[in-house]
Each structure stands twice: as C-alpha cells, then as structure tokens.
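Enquirer: Data file data_37.pdb (PDB, C-alpha atoms, pLDDT in the B column) is appended below.
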```
ATOM      1  CA  MET A 978     -48.923  21.959  46.180  1.00 57.00           C
ATOM      2  CA  LYS A 979     -50.239  20.834  42.797  1.00 58.00           C
ATOM      3  CA  LEU A 980     -48.378  23.714  41.186  1.00 55.00           C
ATOM      4  CA  ILE A 981     -45.111  22.668  42.850  1.00 61.00           C
ATOM      5  CA  ASN A 982     -45.587  19.062  41.689  1.00 57.00           C
ATOM      6  CA  LYS A 983     -46.296  20.222  38.143  1.00 53.00           C
ATOM      7  CA  LEU A 984     -43.242  22.489  38.152  1.00 56.00           C
ATOM      8  CA  PHE A 985     -41.091  19.678  39.522  1.00 56.00           C
ATOM      9  CA  CYS A 986     -42.348  17.241  36.874  1.00 53.00           C
ATOM     10  CA  PHE A 987     -41.893  19.830  34.151  1.00 54.00           C
ATOM     11  CA  THR A 988     -38.317  20.531  35.317  1.00 59.00           C
ATOM     12  CA  CYS A 989     -37.507  16.815  35.399  1.00 51.00           C
ATOM     13  CA  LEU A 990     -38.918  16.398  31.914  1.00 56.00           C
ATOM     14  CA  LEU A 991     -36.797  19.283  30.606  1.00 56.00           C
ATOM     15  CA  VAL A 992     -33.665  17.803  32.153  1.00 58.00           C
ATOM     16  CA  LEU A 993     -34.354  14.371  30.632  1.00 56.00           C
ATOM     17  CA  VAL A 994     -35.064  15.822  27.189  1.00 57.00           C
ATOM     18  CA  SER A 995     -31.861  17.866  27.374  1.00 59.00           C
ATOM     19  CA  LEU A 996     -29.764  14.856  28.344  1.00 56.00           C
ATOM     20  CA  PHE A 997     -31.070  12.557  25.637  1.00 62.00           C
ATOM     21  CA  SER A 998     -31.148  15.139  22.859  1.00 59.00           C
ATOM     22  CA  CYS A 999     -27.422  15.917  23.087  1.00 57.00           C
ATOM     23  CA  LYS A1000     -25.370  14.243  20.395  1.00 59.00           C
ATOM     24  CA  ASP A1001     -21.936  12.853  21.034  1.00 60.00           C
ATOM     25  CA  ASP A1002     -19.639  15.297  19.220  1.00 65.00           C
ATOM     26  CA  GLU A1003     -16.557  13.113  19.530  1.00 77.00           C
ATOM     27  CA  GLU A1004     -15.416  11.527  16.304  1.00 79.00           C
ATOM     28  CA  PRO A1005     -14.354   7.910  16.547  1.00 86.00           C
ATOM     29  CA  GLU A1006     -10.614   7.369  16.512  1.00 89.00           C
ATOM     30  CA  LYS A1007      -9.319   6.530  13.043  1.00 90.00           C
ATOM     31  CA  THR A1008      -7.800   3.137  12.391  1.00 93.00           C
ATOM     32  CA  LYS A1009      -4.190   2.827  11.238  1.00 93.00           C
ATOM     33  CA  THR A1010      -5.470   1.833   7.801  1.00 93.00           C
ATOM     34  CA  GLU A1011      -7.558   5.015   7.619  1.00 94.00           C
ATOM     35  CA  LEU A1012      -4.556   7.102   8.676  1.00 95.00           C
ATOM     36  CA  LEU A1013      -2.192   5.403   6.229  1.00 95.00           C
ATOM     37  CA  THR A1014      -4.389   5.390   3.123  1.00 95.00           C
ATOM     38  CA  GLN A1015      -3.646   8.750   1.569  1.00 95.00           C
ATOM     39  CA  ASN A1016      -1.025  10.504  -0.563  1.00 95.00           C
ATOM     40  CA  TRP A1017       2.250  11.080   1.295  1.00 95.00           C
ATOM     41  CA  LYS A1018       5.138  13.324   0.275  1.00 95.00           C
ATOM     42  CA  LEU A1019       8.625  12.624   1.623  1.00 94.00           C
ATOM     43  CA  ILE A1020       9.743  15.768   3.428  1.00 95.00           C
ATOM     44  CA  LYS A1021      12.899  14.491   5.142  1.00 94.00           C
ATOM     45  CA  LEU A1022      15.175  11.504   4.667  1.00 92.00           C
ATOM     46  CA  THR A1023      18.170  10.621   6.813  1.00 93.00           C
ATOM     47  CA  ALA A1024      20.645   7.763   6.406  1.00 88.00           C
ATOM     48  CA  ASN A1025      22.578   6.964   9.581  1.00 90.00           C
ATOM     49  CA  GLY A1026      21.617  10.434  10.823  1.00 91.00           C
ATOM     50  CA  SER A1027      22.819  12.341   7.715  1.00 90.00           C
ATOM     51  CA  ASP A1028      20.302  14.295   5.621  1.00 92.00           C
ATOM     52  CA  GLN A1029      19.657  12.911   2.141  1.00 88.00           C
ATOM     53  CA  PRO A1030      17.859  14.430  -0.872  1.00 87.00           C
ATOM     54  CA  THR A1031      14.141  13.647  -1.066  1.00 85.00           C
ATOM     55  CA  ASP A1032      13.867  14.231  -4.848  1.00 81.00           C
ATOM     56  CA  GLY A1033      10.082  14.758  -4.818  1.00 84.00           C
ATOM     57  CA  TYR A1034       9.355  11.221  -3.647  1.00 88.00           C
ATOM     58  CA  THR A1035       5.683  10.437  -3.001  1.00 91.00           C
ATOM     59  CA  ILE A1036       3.799   7.299  -2.073  1.00 91.00           C
ATOM     60  CA  ARG A1037       0.063   6.643  -2.088  1.00 94.00           C
ATOM     61  CA  PHE A1038      -1.434   3.840  -0.021  1.00 94.00           C
ATOM     62  CA  THR A1039      -4.965   2.642  -0.810  1.00 96.00           C
ATOM     63  CA  ALA A1040      -7.573   0.871   1.295  1.00 95.00           C
ATOM     64  CA  SER A1041      -7.385  -2.067  -1.130  1.00 95.00           C
ATOM     65  CA  ASN A1042      -3.797  -2.691   0.087  1.00 95.00           C
ATOM     66  CA  SER A1043      -2.025  -1.407  -3.007  1.00 95.00           C
ATOM     67  CA  TYR A1044       0.489   1.414  -3.241  1.00 92.00           C
ATOM     68  CA  THR A1045       1.969   3.646  -5.922  1.00 90.00           C
ATOM     69  CA  ALA A1046       5.376   5.286  -5.421  1.00 88.00           C
ATOM     70  CA  ARG A1047       6.822   8.138  -7.484  1.00 86.00           C
ATOM     71  CA  GLY A1048      10.467   9.198  -7.458  1.00 81.00           C
ATOM     72  CA  ALA A1049      13.646   7.226  -6.974  1.00 68.00           C
ATOM     73  CA  LEU A1050      14.059   6.009  -3.405  1.00 63.00           C
ATOM     74  CA  LEU A1051      15.620   2.923  -1.952  1.00 55.00           C
ATOM     75  CA  SER A1052      14.680  -0.275  -3.684  1.00 59.00           C
ATOM     76  CA  VAL A1053      10.932   0.354  -3.507  1.00 67.00           C
ATOM     77  CA  GLN A1054       9.024  -0.745  -6.598  1.00 70.00           C
ATOM     78  CA  GLU A1055       6.731   1.836  -8.217  1.00 83.00           C
ATOM     79  CA  THR A1056       3.589  -0.216  -7.571  1.00 87.00           C
ATOM     80  CA  GLY A1057       2.732  -3.148  -5.397  1.00 90.00           C
ATOM     81  CA  THR A1058       0.885  -4.298  -2.328  1.00 94.00           C
ATOM     82  CA  TRP A1059       1.212  -3.332   1.298  1.00 94.00           C
ATOM     83  CA  ALA A1060       0.185  -4.954   4.578  1.00 95.00           C
ATOM     84  CA  PHE A1061       0.611  -4.355   8.283  1.00 94.00           C
ATOM     85  CA  ASN A1062       2.263  -6.923  10.502  1.00 93.00           C
ATOM     86  CA  SER A1063      -0.030  -8.483  13.123  1.00 90.00           C
ATOM     87  CA  SER A1064       0.499  -5.667  15.652  1.00 93.00           C
ATOM     88  CA  GLU A1065       0.172  -2.927  12.992  1.00 94.00           C
ATOM     89  CA  SER A1066       3.580  -1.569  14.011  1.00 95.00           C
ATOM     90  CA  GLU A1067       5.274  -2.269  10.656  1.00 95.00           C
ATOM     91  CA  ILE A1068       4.418  -1.921   6.975  1.00 95.00           C
ATOM     92  CA  LEU A1069       5.504  -4.677   4.606  1.00 93.00           C
ATOM     93  CA  LEU A1070       5.688  -3.882   0.908  1.00 90.00           C
ATOM     94  CA  ASN A1071       5.059  -6.749  -1.501  1.00 89.00           C
ATOM     95  CA  GLY A1072       5.174  -9.281   1.336  1.00 86.00           C
ATOM     96  CA  GLY A1073       8.652  -8.314   2.526  1.00 79.00           C
ATOM     97  CA  PRO A1074      11.439  -8.913   3.310  1.00 80.00           C
ATOM     98  CA  ASP A1075      11.855  -5.227   4.163  1.00 77.00           C
ATOM     99  CA  LYS A1076       9.796  -4.026   7.121  1.00 87.00           C
ATOM    100  CA  PHE A1077       9.175  -0.324   7.628  1.00 92.00           C
ATOM    101  CA  LEU A1078       8.767   0.399  11.351  1.00 94.00           C
ATOM    102  CA  ILE A1079       6.021   2.944  12.035  1.00 96.00           C
ATOM    103  CA  ASN A1080       7.466   5.502  14.456  1.00 97.00           C
ATOM    104  CA  SER A1081       4.451   7.804  14.201  1.00 96.00           C
ATOM    105  CA  LEU A1082       1.282   8.003  12.122  1.00 96.00           C
ATOM    106  CA  THR A1083      -1.300  10.795  12.302  1.00 95.00           C
ATOM    107  CA  ASP A1084      -3.761  12.461   9.909  1.00 94.00           C
ATOM    108  CA  THR A1085      -0.989  14.681   8.524  1.00 96.00           C
ATOM    109  CA  GLN A1086       2.372  13.110   9.417  1.00 97.00           C
ATOM    110  CA  MET A1087       4.076   9.727   9.147  1.00 96.00           C
ATOM    111  CA  THR A1088       7.581   8.685  10.214  1.00 96.00           C
ATOM    112  CA  LEU A1089       9.042   5.331   9.191  1.00 95.00           C
ATOM    113  CA  THR A1090      12.429   3.715   9.805  1.00 94.00           C
ATOM    114  CA  ILE A1091      14.097   0.762   8.167  1.00 89.00           C
ATOM    115  CA  ASN A1092      17.466  -0.892   8.556  1.00 86.00           C
ATOM    116  CA  GLN A1093      19.000  -2.084   5.309  1.00 80.00           C
ATOM    117  CA  THR A1094      22.324  -3.492   4.217  1.00 79.00           C
ATOM    118  CA  ASN A1095      23.932  -1.679   1.320  1.00 71.00           C
ATOM    119  CA  TYR A1096      26.811  -3.276  -0.582  1.00 69.00           C
ATOM    120  CA  LYS A1097      28.718   0.052  -0.531  1.00 73.00           C
ATOM    121  CA  ALA A1098      27.861   1.441   2.902  1.00 67.00           C
ATOM    122  CA  GLY A1099      27.098  -1.700   4.891  1.00 78.00           C
ATOM    123  CA  ALA A1100      24.338  -1.331   7.477  1.00 86.00           C
ATOM    124  CA  VAL A1101      22.192   1.750   6.850  1.00 85.00           C
ATOM    125  CA  ALA A1102      19.464   3.062   9.175  1.00 88.00           C
ATOM    126  CA  LEU A1103      16.976   5.105   7.166  1.00 89.00           C
ATOM    127  CA  LYS A1104      14.436   7.458   8.695  1.00 93.00           C
ATOM    128  CA  MET A1105      11.705   8.841   6.446  1.00 92.00           C
ATOM    129  CA  GLU A1106       9.396  11.678   7.441  1.00 95.00           C
ATOM    130  CA  PHE A1107       6.284  12.183   5.322  1.00 95.00           C
ATOM    131  CA  GLY A1108       3.647  14.909   5.226  1.00 95.00           C
ATOM    132  CA  LEU A1109       0.649  15.657   3.052  1.00 91.00           C
TER
END
```
Transcribe the structure of this file into structure tokens.
Expert:
Amino acid sequence: MKLINKLFCFTCLLVLVSLFSCKDDEEPEKTKTELLTQNWKLIKLTANGSDQPTDGYTIRFTASNSYTARGALLSVQETGTWAFNSSESEILLNGGPDKFLINSLTDTQMTLTINQTNYKAGAVALKMEFGL
C-alpha cells in the first residue's frame, strides 16, 4: 500500500512539473505600429481600377512616427510624420488632409486605398499594394 501511495505521489509530482515547466510558444500578436514600421516597396498601383507604373516607389515608416518616401508618387512629400486615426484604420501623413485607408496589414504585405480629386481626371480611387 505504501508503494502504491508513493507511486501515486510520484506520478502526480511528475504531472505537475510537466505542466508548469512548459513554456507558452505563442508569440504575442504584433500591434499595427509594429506591422507598419518597416521598409515597404510598392508592388502594384491602380487608379480607378487601371494599372499604373510603380517606378520603384518605397516608403519607410518608423516607430518615432516619421516616414521617408522614395520615388515619385501622388503628392506625398519625401519626408514627414505619420499617425493612425483613433481606430487605427487609416494612416494620416503630415496631419492630413489625405487619409490612407488600411485595407490589409501583415508582416509582409500592406494594401492602402485613398480617394483623391485630380484637376485633370476628377475623382480618382487609388489602391496601393506594398510588399517587403
């Protein structure tokens, strides 16, 4: 009987040690700021559904809320500041007025849309797809 009690206690101890020694392997979900703050290369640009040249456009967002853009695109300044709106669904460059709607944002892909008025074309819906 003593042997059975000892075996039972030993088994319980092993189970407890096993449960508490396991580490949680799940990584915490990244914030939108963590996902955004990297170097992005424009891989596809459409205006009202028609493909447009991307001309090697890149943009780098930093955690200190600054950005650097390279290549001619839209009316985006080469450097400036960025911020999310309150729901983190839009990116505002230099305080606005243009708001880039975040359609998707992952570790490796970002899709933004913006509606602008162009003096030649009128209303233009731009969709920008970025990769790393």
Enquirer: Evaluated on this file, the PyMOL selection byres ((chain A and resi 1062-1071) around 10) picks out some residues - which ones are they, written as a short mmCIF file (atom, residue, chain, number, x, y, z; two decimals) with C-alpha atoms, keeping the file's coordinate frame?
Expert:
```cif
data_model
loop_
_atom_site.label_atom_id
_atom_site.label_comp_id
_atom_site.auth_asym_id
_atom_site.auth_seq_id
_atom_site.Cartn_x
_atom_site.Cartn_y
_atom_site.Cartn_z
CA LYS A 1009 -4.19 2.83 11.24
CA THR A 1010 -5.47 1.83 7.80
CA LEU A 1013 -2.19 5.40 6.23
CA ASN A 1042 -3.80 -2.69 0.09
CA SER A 1043 -2.02 -1.41 -3.01
CA TYR A 1044 0.49 1.41 -3.24
CA VAL A 1053 10.93 0.35 -3.51
CA GLN A 1054 9.02 -0.74 -6.60
CA THR A 1056 3.59 -0.22 -7.57
CA GLY A 1057 2.73 -3.15 -5.40
CA THR A 1058 0.88 -4.30 -2.33
CA TRP A 1059 1.21 -3.33 1.30
CA ALA A 1060 0.18 -4.95 4.58
CA PHE A 1061 0.61 -4.36 8.28
CA GLY A 1072 5.17 -9.28 1.34
CA GLY A 1073 8.65 -8.31 2.53
CA PRO A 1074 11.44 -8.91 3.31
CA ASP A 1075 11.86 -5.23 4.16
CA LYS A 1076 9.80 -4.03 7.12
CA PHE A 1077 9.18 -0.32 7.63
CA LEU A 1078 8.77 0.40 11.35
CA ILE A 1079 6.02 2.94 12.04
CA ASN A 1080 7.47 5.50 14.46
CA SER A 1081 4.45 7.80 14.20
CA LEU A 1089 9.04 5.33 9.19
CA THR A 1090 12.43 3.72 9.80
CA ILE A 1091 14.10 0.76 8.17
#
```
Enquirer: For Thr1088 in chain A, which of A:Glu1006, A:Glu1011, A:Glu1106, A:Asp1028 is the closest residue, counting only C-alpha atoms?
Expert: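 Comparing A:Glu1006, A:Glu1011, A:Glu1106, A:Asp1028 against Thr1088 in chain A, the winner is A:Glu1106.
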Enquirer: Between CA of Met1105 in chain A and CA of Thr1023 in chain A, what is the distance, to one decimal in Å?
Expert: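 Rounded to one decimal, the two atoms are 6.7 Å apart.
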Enquirer: Expressed in Å to a single decimal, how great is the separation between CA of Pro1005 in chain A and CA of Gln1086 in chain A?
Expert: 18.9 Å
Enquirer: Let me make sure I understand: among A:Thr1031, A:Thr1085, A:Thr1014, A:Asn1025, which one has the smallest atom-to-atom distance to Val1101 in chain A if we use all atoms listed in the file?
Expert: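 Ranked by minimum distance to Val1101 in chain A, first place goes to A:Asn1025.
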Enquirer: Have a look at CA of Arg1037 in chain A and CA of Glu1003 in chain A and let me know their distance in Å, one decimal.
Expert: 28.0 Å
